[in-house]
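Okay, input.cif is below, mmCIF, C-alpha atoms (C1' of nucleotides):
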data_my_file
loop_
_atom_site.label_atom_id
_atom_site.label_comp_id
_atom_site.auth_asym_id
_atom_site.auth_seq_id
_atom_site.Cartn_x
_atom_site.Cartn_y
_atom_site.Cartn_z
CA MET A 34 0.00 0.00 0.00
CA VAL A 35 1.37 3.33 -1.04
CA THR A 36 -0.11 5.56 1.57
CA THR A 37 0.69 9.17 0.90
CA LYS A 38 0.99 10.30 4.46
CA GLU A 39 1.45 13.87 5.49
CA PRO A 40 5.07 14.83 5.02
CA VAL A 41 6.77 14.79 8.40
CA LEU A 42 9.30 17.29 7.17
CA PRO A 43 8.18 20.75 6.02
CA PHE A 44 9.17 20.02 2.42
CA THR A 45 11.97 22.56 2.31
CA ASP A 46 13.70 20.76 5.14
CA ALA A 47 13.27 17.58 3.15
CA LEU A 48 15.03 19.20 0.20
CA VAL A 49 17.86 20.43 2.37
CA ARG A 50 18.28 17.05 3.99
CA LEU A 51 18.26 15.34 0.61
CA ALA A 52 20.95 17.67 -0.65
CA HIS A 53 22.94 16.78 2.41
CA LEU A 54 22.54 13.09 1.76
CA VAL A 55 23.62 13.36 -1.86
CA GLN A 56 26.62 15.39 -0.83
CA GLN A 57 27.53 12.76 1.69
CA VAL A 58 27.34 9.98 -0.89
CA PHE A 59 29.46 12.03 -3.22
CA GLY A 60 32.01 12.55 -0.49
CA GLU A 61 32.21 8.85 0.35
CA VAL A 62 32.68 7.81 -3.25
CA SER A 63 35.25 10.51 -3.83
CA ARG A 64 37.32 9.33 -0.94
CA GLU A 65 37.20 5.74 -2.12
CA HIS A 66 38.74 6.86 -5.40
CA ASP A 67 41.26 9.12 -3.69
CA LEU A 68 39.62 12.25 -5.04
CA THR A 69 38.28 15.37 -3.42
CA PRO A 70 34.55 15.85 -3.95
CA GLN A 71 35.28 18.83 -6.16
CA GLN A 72 37.65 16.85 -8.33
CA ALA A 73 35.09 14.08 -8.67
CA GLN A 74 32.49 16.61 -9.72
CA LEU A 75 34.90 18.04 -12.26
CA LEU A 76 35.69 14.66 -13.75
CA CYS A 77 31.99 13.77 -13.98
CA LEU A 78 31.38 16.96 -15.92
CA LEU A 79 34.15 16.20 -18.39
CA VAL A 80 33.21 12.65 -19.37
CA ASP A 81 31.03 14.04 -22.16
CA GLY A 82 33.97 15.73 -23.82
CA PRO A 83 36.27 18.75 -23.43
CA VAL A 84 34.76 21.88 -21.92
CA GLY A 85 36.07 25.43 -21.66
CA MET A 86 36.76 27.14 -18.34
CA GLY A 87 33.86 29.51 -18.78
CA GLU A 88 31.29 26.77 -19.18
CA LEU A 89 32.79 24.84 -16.28
CA SER A 90 32.62 27.94 -14.14
CA ARG A 91 28.94 28.28 -14.88
CA ALA A 92 28.18 24.60 -14.38
CA LEU A 93 29.98 24.41 -11.05
CA HIS A 94 28.95 27.86 -9.83
CA LEU A 95 32.58 28.75 -9.23
CA GLU A 96 34.48 31.97 -9.83
CA LYS A 97 37.06 31.80 -12.56
CA SER A 98 39.91 32.04 -10.11
CA SER A 99 38.57 29.19 -7.99
CA LEU A 100 38.28 27.04 -11.07
CA THR A 101 41.84 27.76 -12.14
CA GLY A 102 43.07 26.31 -8.88
CA LEU A 103 40.85 23.26 -9.10
CA VAL A 104 41.99 22.49 -12.63
CA ASP A 105 45.59 23.16 -11.65
CA ARG A 106 45.50 20.53 -8.95
CA ALA A 107 43.65 18.06 -11.14
CA GLU A 108 46.21 18.61 -13.88
CA LYS A 109 49.06 18.11 -11.45
CA ARG A 110 47.53 14.75 -10.55
CA GLY A 111 47.36 13.80 -14.21
CA LEU A 112 43.57 13.66 -14.32
CA VAL A 113 42.93 16.43 -16.84
CA ALA A 114 44.85 18.34 -19.48
CA ARG A 115 44.60 21.87 -20.85
CA THR A 116 44.29 22.31 -24.59
CA ARG A 117 44.21 25.51 -26.55
CA ASP A 118 41.18 25.99 -28.73
CA PRO A 119 42.62 26.50 -32.23
CA GLY A 120 39.65 28.65 -33.19
CA ASP A 121 40.06 31.08 -30.26
CA ARG A 122 43.43 31.08 -28.61
CA ARG A 123 42.06 32.67 -25.47
CA VAL A 124 39.88 29.67 -24.75
CA CYS A 125 41.28 26.85 -22.68
CA LEU A 126 39.64 23.49 -23.29
CA ILE A 127 39.86 21.06 -20.40
CA GLU A 128 39.81 17.40 -21.27
CA LEU A 129 40.21 14.17 -19.38
CA THR A 130 43.41 12.18 -19.59
CA PRO A 131 43.02 8.40 -19.98
CA ASP A 132 43.59 8.17 -16.24
CA GLY A 133 41.01 10.84 -15.55
CA THR A 134 38.49 9.15 -17.81
CA ARG A 135 38.91 5.85 -16.02
CA VAL A 136 38.52 7.34 -12.56
CA GLY A 137 35.71 9.63 -13.64
CA VAL A 138 33.64 6.84 -15.13
CA LEU A 139 34.18 4.64 -12.10
CA ALA A 140 33.26 7.38 -9.65
CA HIS A 141 30.18 8.39 -11.58
CA GLY A 142 29.07 4.78 -11.71
CA ASP A 143 29.58 4.36 -7.99
CA VAL A 144 27.56 7.45 -7.15
CA ALA A 145 24.75 6.34 -9.42
CA ARG A 146 24.78 2.84 -7.98
CA ARG A 147 24.72 4.04 -4.42
CA LEU A 148 21.88 6.46 -5.02
CA GLU A 149 19.94 3.78 -6.86
CA THR A 150 20.40 1.52 -3.89
CA LEU A 151 19.06 4.17 -1.58
CA ALA A 152 16.09 4.63 -3.87
CA GLY A 153 15.59 0.91 -4.10
CA ASP A 154 13.07 0.90 -1.29
CA LEU A 155 10.91 3.46 -3.04
CA PRO A 156 7.92 2.35 -5.06
CA HIS A 157 8.51 2.86 -8.76
CA GLU A 158 5.75 5.41 -8.99
CA HIS A 159 7.42 7.49 -6.34
CA ARG A 160 10.76 7.23 -8.04
CA ASP A 161 9.35 8.35 -11.37
CA LEU A 162 7.42 11.17 -9.78
CA LEU A 163 10.49 12.20 -7.87
CA ALA A 164 12.50 12.43 -11.06
CA ALA A 165 9.71 14.29 -12.84
CA ALA A 166 9.24 16.69 -9.95
CA ILE A 167 12.94 17.43 -9.76
CA ASP A 168 12.94 17.96 -13.50
CA GLY A 169 10.20 20.52 -13.00
CA LEU A 170 12.11 22.25 -10.23
CA LEU A 171 15.23 22.49 -12.32
CA THR A 172 13.31 23.74 -15.30
CA ALA A 173 11.62 26.36 -13.14
CA HIS A 174 14.94 27.54 -11.86
CA ALA A 175 16.56 27.55 -15.29
CA THR A 176 13.65 29.53 -16.70
CA ARG A 177 13.77 32.02 -13.86
CA ASP A 178 17.52 32.54 -13.85
CA GLY A 179 18.76 31.45 -17.22
CA GLY A 180 15.84 33.08 -18.94
CA ALA A 181 17.08 36.53 -18.03
CA SER A 182 19.07 37.84 -20.95
CA MET B 292 2.10 21.37 -22.86
CA VAL B 293 3.08 20.09 -19.46
CA THR B 294 2.90 16.38 -20.06
CA THR B 295 4.64 14.21 -17.50
CA LYS B 296 7.16 12.92 -19.97
CA GLU B 297 9.78 10.30 -19.33
CA PRO B 298 12.45 11.74 -17.08
CA VAL B 299 15.18 13.15 -19.28
CA LEU B 300 17.64 12.78 -16.48
CA PRO B 301 18.62 9.28 -15.28
CA PHE B 302 17.12 9.88 -11.84
CA THR B 303 20.45 9.83 -10.06
CA ASP B 304 21.57 12.79 -12.12
CA ALA B 305 18.35 14.48 -11.13
CA LEU B 306 19.18 13.95 -7.48
CA VAL B 307 22.68 15.30 -7.94
CA ARG B 308 21.41 18.34 -9.78
CA LEU B 309 18.82 18.98 -7.14
CA ALA B 310 21.44 18.81 -4.42
CA HIS B 311 23.42 21.30 -6.42
CA LEU B 312 20.48 23.63 -6.69
CA VAL B 313 19.74 23.51 -2.99
CA GLN B 314 23.36 24.18 -2.22
CA GLN B 315 23.29 27.14 -4.54
CA VAL B 316 20.23 28.60 -2.84
CA PHE B 317 21.87 28.09 0.51
CA GLY B 318 24.96 29.88 -0.73
CA GLU B 319 23.02 32.86 -2.04
CA VAL B 320 21.06 33.32 1.16
CA SER B 321 24.18 32.93 3.27
CA ARG B 322 25.93 35.64 1.35
CA GLU B 323 22.99 38.00 1.71
CA HIS B 324 23.26 37.65 5.47
CA ASP B 325 27.05 37.95 5.45
CA LEU B 326 27.49 34.34 6.51
CA THR B 327 29.43 31.45 5.09
CA PRO B 328 27.21 28.54 4.04
CA GLN B 329 28.66 26.48 6.87
CA GLN B 330 27.89 29.12 9.43
CA ALA B 331 24.34 29.40 8.13
CA GLN B 332 23.94 25.66 8.43
CA LEU B 333 25.25 25.77 11.96
CA LEU B 334 22.85 28.52 12.97
CA CYS B 335 19.90 26.69 11.43
CA LEU B 336 20.77 23.62 13.48
CA LEU B 337 20.90 25.60 16.70
CA VAL B 338 17.58 27.41 16.49
CA ASP B 339 15.91 24.49 18.26
CA GLY B 340 18.09 24.92 21.31
CA PRO B 341 21.66 24.27 22.52
CA VAL B 342 23.45 21.25 21.12
CA GLY B 343 26.70 19.55 22.09
CA MET B 344 29.69 19.30 19.79
CA GLY B 345 29.26 15.59 19.36
CA GLU B 346 25.72 15.82 18.12
CA LEU B 347 26.65 18.71 15.85
CA SER B 348 29.51 16.68 14.47
CA ARG B 349 27.14 13.89 13.59
CA ALA B 350 24.50 16.19 12.14
CA LEU B 351 26.94 18.07 9.94
CA HIS B 352 29.13 15.08 9.05
CA LEU B 353 32.20 16.91 10.27
CA GLU B 354 35.21 15.72 12.22
CA LYS B 355 35.49 17.09 15.71
CA SER B 356 38.47 19.22 14.82
CA SER B 357 36.71 20.78 11.84
CA LEU B 358 33.75 21.63 14.02
CA THR B 359 35.92 23.26 16.64
CA GLY B 360 37.19 25.69 14.02
CA LEU B 361 33.71 26.41 12.68
CA VAL B 362 32.37 27.14 16.16
CA ASP B 363 35.45 29.19 16.96
CA ARG B 364 34.85 31.50 14.03
CA ALA B 365 31.13 31.73 14.71
CA GLU B 366 31.86 32.55 18.33
CA LYS B 367 34.37 35.21 17.29
CA ARG B 368 31.62 36.81 15.23
CA GLY B 369 29.31 36.78 18.21
CA LEU B 370 26.82 34.36 16.67
CA VAL B 371 27.12 31.50 19.14
CA ALA B 372 28.41 30.92 22.66
CA ARG B 373 29.96 27.93 24.41
CA THR B 374 28.41 26.76 27.66
CA ARG B 375 29.59 24.03 29.94
CA ASP B 376 27.09 21.29 30.63
CA PRO B 377 26.77 21.29 34.44
CA GLY B 378 25.92 17.59 34.38
CA ASP B 379 29.04 16.55 32.43
CA ARG B 380 31.85 19.02 32.39
CA ARG B 381 33.41 17.46 29.32
CA VAL B 382 30.42 18.38 27.23
CA CYS B 383 30.35 21.74 25.52
CA LEU B 384 26.89 23.04 24.72
CA ILE B 385 26.71 25.46 21.82
CA GLU B 386 23.90 27.97 21.90
CA LEU B 387 22.86 30.93 19.80
CA THR B 388 23.45 34.46 20.98
CA PRO B 389 20.56 36.91 20.45
CA ASP B 390 22.39 38.08 17.34
CA GLY B 391 22.85 34.53 16.13
CA THR B 392 19.20 33.74 16.74
CA ARG B 393 18.08 36.73 14.74
CA VAL B 394 20.33 35.96 11.77
CA GLY B 395 19.63 32.24 11.95
CA VAL B 396 15.87 32.67 11.88
CA LEU B 397 16.09 35.13 9.01
CA ALA B 398 18.39 32.94 6.97
CA HIS B 399 16.30 29.83 7.54
CA GLY B 400 13.20 31.72 6.52
CA ASP B 401 14.85 32.98 3.37
CA VAL B 402 15.99 29.53 2.34
CA ALA B 403 12.56 28.10 2.94
CA ARG B 404 10.89 30.93 1.05
CA ARG B 405 13.21 30.59 -1.92
CA LEU B 406 12.79 26.85 -2.16
CA GLU B 407 9.03 27.23 -1.87
CA THR B 408 9.13 29.69 -4.72
CA LEU B 409 11.06 27.25 -6.85
CA ALA B 410 8.52 24.58 -6.03
CA GLY B 411 5.67 26.96 -6.73
CA ASP B 412 5.28 25.73 -10.27
CA LEU B 413 4.84 22.16 -9.15
CA PRO B 414 1.36 20.72 -8.74
CA HIS B 415 0.58 20.17 -5.08
CA GLU B 416 0.33 16.44 -5.55
CA HIS B 417 3.83 16.39 -6.93
CA ARG B 418 5.11 18.47 -4.08
CA ASP B 419 3.60 16.18 -1.49
CA LEU B 420 4.87 13.11 -3.25
CA LEU B 421 8.28 14.67 -3.53
CA ALA B 422 8.39 15.28 0.20
CA ALA B 423 7.13 11.77 0.92
CA ALA B 424 9.64 10.21 -1.46
CA ILE B 425 12.50 12.14 0.07
CA ASP B 426 11.28 11.08 3.47
CA GLY B 427 11.50 7.50 2.26
CA LEU B 428 15.00 7.99 0.96
CA LEU B 429 16.19 9.48 4.21
CA THR B 430 14.54 6.74 6.22
CA ALA B 431 16.16 4.12 4.01
CA HIS B 432 19.53 5.67 4.55
CA ALA B 433 19.04 6.09 8.27
CA THR B 434 17.95 2.48 8.59
CA ARG B 435 20.89 1.24 6.55
CA ASP B 436 23.57 3.32 8.26
CA GLY B 437 22.17 4.26 11.60
CA GLY B 438 20.70 0.82 12.08
CA ALA B 439 24.11 -0.81 12.14
CA SER B 440 25.15 -1.26 15.74
"C1'" DT C 180 45.95 50.28 -39.80
"C1'" DC C 181 45.72 51.53 -35.07
"C1'" DC C 182 43.13 51.80 -30.91
"C1'" DC C 183 40.15 50.05 -27.53
"C1'" DA C 184 36.41 47.78 -25.14
"C1'" DT C 185 35.45 43.00 -24.39
"C1'" DT C 186 36.36 38.39 -23.31
"C1'" DA C 187 39.10 34.24 -21.29
"C1'" DG C 188 42.13 32.73 -17.93
"C1'" DT C 189 45.76 33.48 -14.62
"C1'" DT C 190 48.05 35.46 -10.56
"C1'" DT C 191 48.11 37.09 -5.90
"C1'" DG C 192 46.59 37.54 -1.31
"C1'" DT C 193 43.37 36.24 2.22
"C1'" DA C 194 39.88 33.69 4.79
"C1'" DT C 195 37.55 29.42 5.37
"C1'" DT C 196 37.01 24.59 5.27
"C1'" DG C 197 38.32 19.95 6.49
"C1'" DC C 198 41.19 16.15 7.97
"C1'" DG C 199 44.34 13.37 10.99
"C1'" DA C 200 47.28 12.88 14.86
"C1'" DA C 201 48.52 14.18 19.23
"C1'" DC C 202 46.91 16.17 23.33
"C1'" DA C 203 44.31 17.56 27.89
"C1'" DG C 204 40.39 17.26 30.99
"C1'" DT C 205 36.30 14.29 32.79
"C1'" DT C 206 33.92 10.46 33.84
"C1'" DG C 207 32.92 6.02 35.53
"C1'" DG C 208 34.31 1.50 36.69
"C1'" DT C 209 37.50 -1.59 39.18
"C1'" DA D 115 44.04 5.35 43.21
"C1'" DC D 116 44.15 3.90 38.58
"C1'" DC D 117 42.84 3.32 34.00
"C1'" DA D 118 40.02 2.90 29.80
"C1'" DA D 119 36.68 5.49 27.35
"C1'" DC D 120 34.83 9.75 26.00
"C1'" DT D 121 34.68 15.05 24.80
"C1'" DG D 122 36.61 18.57 22.97
"C1'" DT D 123 40.98 21.30 21.62
"C1'" DT D 124 45.49 22.18 19.33
"C1'" DC D 125 48.59 21.78 15.57
"C1'" DG D 126 50.08 21.21 10.92
"C1'" DC D 127 48.65 20.58 6.41
"C1'" DA D 128 46.19 20.64 1.93
"C1'" DA D 129 42.20 22.06 -0.58
"C1'" DT D 130 38.49 25.36 -1.42
"C1'" DA D 131 36.70 29.89 -2.60
"C1'" DC D 132 36.63 34.71 -3.41
"C1'" DA D 133 37.98 39.47 -5.04
"C1'" DA D 134 41.03 42.46 -7.34
"C1'" DA D 135 44.61 43.18 -10.46
"C1'" DC D 136 46.73 41.36 -14.29
"C1'" DT D 137 48.00 39.23 -19.21
"C1'" DA D 138 46.71 37.75 -23.66
"C1'" DA D 139 43.66 37.39 -27.58
"C1'" DT D 140 39.55 38.93 -30.17
"C1'" DG D 141 36.78 41.82 -32.79
"C1'" DG D 142 35.11 45.99 -33.72
"C1'" DG D 143 35.22 50.89 -35.19
"C1'" DA D 144 37.92 55.49 -36.29
#
In structure tokens, how does this file's structure come out?
Amino acid sequence: MVTTKEPVLPFTDALVRLAHLVQQVFGEVSREHDLTPQQAQLLCLLVDGPVGMGELSRALHLEKSSLTGLVDRAEKRGLVARTRDPGDRRVCLIELTPDGTRVGVLAHGDVARRLETLAGDLPHEHRDLLAAAIDGLLTAHATRDGGAS
Amino acid sequence: MVTTKEPVLPFTDALVRLAHLVQQVFGEVSREHDLTPQQAQLLCLLVDGPVGMGELSRALHLEKSSLTGLVDRAEKRGLVARTRDPGDRRVCLIELTPDGTRVGVLAHGDVARRLETLAGDLPHEHRDLLAAAIDGLLTAHATRDGGAS
DNA sequence: TCCCATTAGTTTGTATTGCGAACAGTTGGT
DNA sequence: ACCAACTGTTCGCAATACAAACTAATGGGA
């Protein structure tokens, strides 16, 4: 029986707690792969192909200077490499090294697996609705913020 | 057309993105109140009354030493105060100062308001289900981790 | 062509965050 | 009295994050 009881948590608290939980999972997985959570996040963002600093900065909500440091350390560990965009020599494309790709794929898989496990106890309807609702939230936010020219 | 289409995001990605969004909101609100996100989190945890370092450590997933520093800085800013537990003189109860209470309540309200706004576009059924689903996730995690003796 | 506002990233300096190991004070049991 | 367990602090270190000033490249106009 899928009783939809009154939410014990005031909804917003539920969101905050969930964020906390996800962050915790991310932290655990990162440590297992000898990464910092920020590095893991970076690698996960790069598995789809090289990305410029500007786009990374937007995606990670980081100032340019913060990102420079993060990429520096990741480069020093041989996880990513800087490439110059031939079309615009100002642009710096960040791409995964073979090592970085391996670690990034593994870490991403682990995070996904662990979250799936946590969601395993949820009825499928709830899971689907959860995904759809989150999709709506994200869309709302993107429209509100990203919509501004 | 607002059809409930198949989730574009693979569910786990949705969770990660949501966590990101919540974190972002928390960051914005913190900055508006001249707090660091960690300080804001600390204040929000203390509005229900004094809490010992140990419990805080567990709630925030921080090592004891990290927490000492966080409380130190918050104390230096006059947001919290350390009190000795008369029953057990090892224990250090952290409580909000009047200033800390004021800022904490304001910040918590702002976060809640902003998240509510983001969720405003969601149908109420979705919102309730979202809260219930998250509740389930948290319970699952608590049972799995906290249940272990 | 030369100049200049714009854009992309880096450098520098500072504060915060977070961990682990070693430490000091308390407590409770023996 | 003594000692193991527990609570919190100190110390040293690396990573994170920001703002301001800077360098280099781009793409217009004048």
If the PyMOL selection byres ((chain C and resi 184-193) around 10) is run on the structure shown, which residues does it catch, given as number ranges by chain? A: 85-87, 97-98, 100-102, 121-125; C: 182-183, 194-195; D: 132-142
Env of A:Leu75: 9 Å cut, atoms = only C-alpha atoms (C1' of nucleotides), seq-sep filter 6 positions within chain, self excluded. Answer as a ChimeraX atom specification. /A:89,93,103-104,107,137
Those same residues - C-alpha atoms - I'd like them written as a compact mmCIF listing (two decimals), keeping the file's coordinate frame.
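For reference, selection.txt as written:
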# COMPACT_ATOMS: atom_id res chain seq x y z
CA LEU A 89 32.79 24.84 -16.28
CA LEU A 93 29.98 24.41 -11.05
CA LEU A 103 40.85 23.26 -9.10
CA VAL A 104 41.99 22.49 -12.63
CA ALA A 107 43.65 18.06 -11.14
CA GLY A 137 35.71 9.63 -13.64
For D:DA129, find every residue with an atom within 9 Å (counting only C-alpha atoms (C1' of nucleotides)), except residues of its own chain fewer than 4 positions away, and show them as a ChimeraX atom specification. /A:69,103 /C:196-197
Selected residues written out, C-alpha atoms (C1' of nucleotides), as a compact mmCIF listing (two decimals), in the frame of the given file:
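What ended up in part.txt:
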# COMPACT_ATOMS: atom_id res chain seq x y z
CA THR A 69 38.28 15.37 -3.42
CA LEU A 103 40.85 23.26 -9.10
C1' DT C 196 37.01 24.59 5.27
C1' DG C 197 38.32 19.95 6.49
Could you spell out the hits of the PyMOL selection byres ((chain C and resi 200) around 12) on the shown file, as number ranges by chain? B: 356; C: 198-199, 201-202; D: 124-127
Within 10 Å of B:Ala398 using only C-alpha atoms (C1' of nucleotides), minus same-chain residues under 6 positions, as a count of residues only: 13
